[in-house]
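Asks: Okay, here's the structure, questions in a sec.
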Amino acid sequence: MASPPSFYGNLRSGTPPPPVDPEDLKRVWEFVQAVQASHSSREGKTGAPLRAESIGIATGLLAEHCSPGADVAAVMFRCQFLGLLIQQGLLAPWLHGEKPDEFLFKVFATYPVHVGEFDTASLLQHIREKSRG
């Protein structure tokens, strides 16, 4: 299997991740959450509990949850970005337990992300506007 196209090689140049299909983002999000949940009670080689952030997921597994031709790295980048804002508590009004509102997948799949110079306040304003409509 050939490596999927990726924008990661362009991160240093400031190239933003391309928009992705919101359904791809949602499927990858759900898959990652399931993997993290299934590993949260397991122990590593040292006997210490595995932390969710220490789990690696092969790109090929992620690609199975995406549409054909999807930029899997861009989907994962946006998935991680969504997770980061959830961890920071910034998306609490739009969560149901740990699950984001449906509209957040569309927002995070398409919102322009400029690596290195991101305006969180603008994103949150955009989310508030989308949540009303």
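In the structure tokens, each chain is lettered A, B, ... as it comes, each chain's residues begin at 1, and ligands are numbered from 1 in order of appearance.
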Please identify the helix (DSSP H, G or I) residues within region 42-108 of chain A (assignment by DSSP from backbone atoms) and present them as a PyMOL selection string.

Replies: chain A and resi 52-54+59-63+72-87+92-94+102-108

Asks: Give me the residues within 10 Å of Glu30 (chain A) as a PyMOL selection string, counting only C-alpha atoms and dropping any in the same chain fewer than 6 places off.

Replies: chain A and resi 24+36+65+79+99

Asks: Could you dump the residues just selected with C-alpha atoms as a PDB file, in the first residue's frame?

Replies:
```pdb
ATOM      1  CA  ASP A  24     -14.006  11.216   7.595  1.00  0.00           C
ATOM      2  CA  GLN A  36      -7.975   5.007  23.533  1.00  0.00           C
ATOM      3  CA  HIS A  65     -12.088   4.958   8.255  1.00  0.00           C
ATOM      4  CA  CYS A  79      -8.779  15.225  14.765  1.00  0.00           C
ATOM      5  CA  LYS A  99     -18.825  13.373  22.263  1.00  0.00           C
TER       6      LYS A  99
END
```

Asks: Go ahead and compute the interatomic distance for CA of Gln33 (chain A) and CA of Glu117 (chain A), in Å to one decimal.

Replies: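 That distance, rounded to one decimal, is 27.7 Å.
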
Asks: With distances taken over only C-alpha atoms, which of A:Ala63, A:Leu104, A:Ile55, A:Ala74 is nearest to Val35 (chain A)?

Replies: A:Ile55

Asks: May I have the residues within 10 Å of region 84-95 of chain A as a PyMOL selection string, using only C-alpha atoms and disregarding those fewer than 5 positions away in the same chain?

Replies: chain A and resi 78-79+100-104+120+124+127-128+131

Asks: A:Pro68, A:Pro22, A:Gly97, A:Gly83: which is nearest Ala109 (chain A), counting only C-alpha atoms?

Replies: A:Pro22

Asks: So the first atom is CA of Gly60 (chain A) and the second is CA of Asp21 (chain A); what is the distance between them in Å, to one decimal place?

Replies: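 Distance reported for this atom pair: 17.5 Å.
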
Asks: Can you tell me, as a ChimeraX atom specification, what residues are no more than 10 Å from Met76 (chain A) when counting only C-alpha atoms, ignoring any on the same chain fewer than 4 positions away?

Replies: /A:20,24-25,28-29,32,59,62-63,71-72,80-82

Asks: Rank A:Val113, A:Ala58, A:Val107, A:Ala70 by their smallest atom-to-atom distance to His126 (chain A), using only C-alpha atoms, and report the top residue only.

Replies: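 Counting only C-alpha atoms, the residue closest to His126 (chain A) is A:Val107.
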
Asks: Can you list every residue of region 88-111 of chain A that has an atom at most 9 Å from region 15-19 of chain A, with its nearest atom pair and the distance in Å to one decimal, using only C-alpha atoms, ordered by chain then number, as a Markdown table?

Replies:
```
| residue | atom | partner | partner_atom | distance |
| --- | --- | --- | --- | --- |
| A:Phe108 | CA | A:Pro19 | CA | 8.5 |
| A:Ala109 | CA | A:Pro19 | CA | 5.5 |
| A:Thr110 | CA | A:Pro19 | CA | 4.5 |
| A:Tyr111 | CA | A:Pro19 | CA | 7.2 |
```

Asks: Restrict the selected residues to C-alpha atoms and save them as a short mmCIF file (atom, residue, chain, number, x, y, z; two decimals), in the first residue's frame.

Replies:
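Writing the result to result.cif gives the following:
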```cif
data_model
loop_
_atom_site.label_atom_id
_atom_site.label_comp_id
_atom_site.auth_asym_id
_atom_site.auth_seq_id
_atom_site.Cartn_x
_atom_site.Cartn_y
_atom_site.Cartn_z
CA PHE A 108 -12.98 21.33 12.41
CA ALA A 109 -12.95 19.64 9.00
CA THR A 110 -13.05 22.94 7.13
CA TYR A 111 -11.88 25.79 9.37
#
```
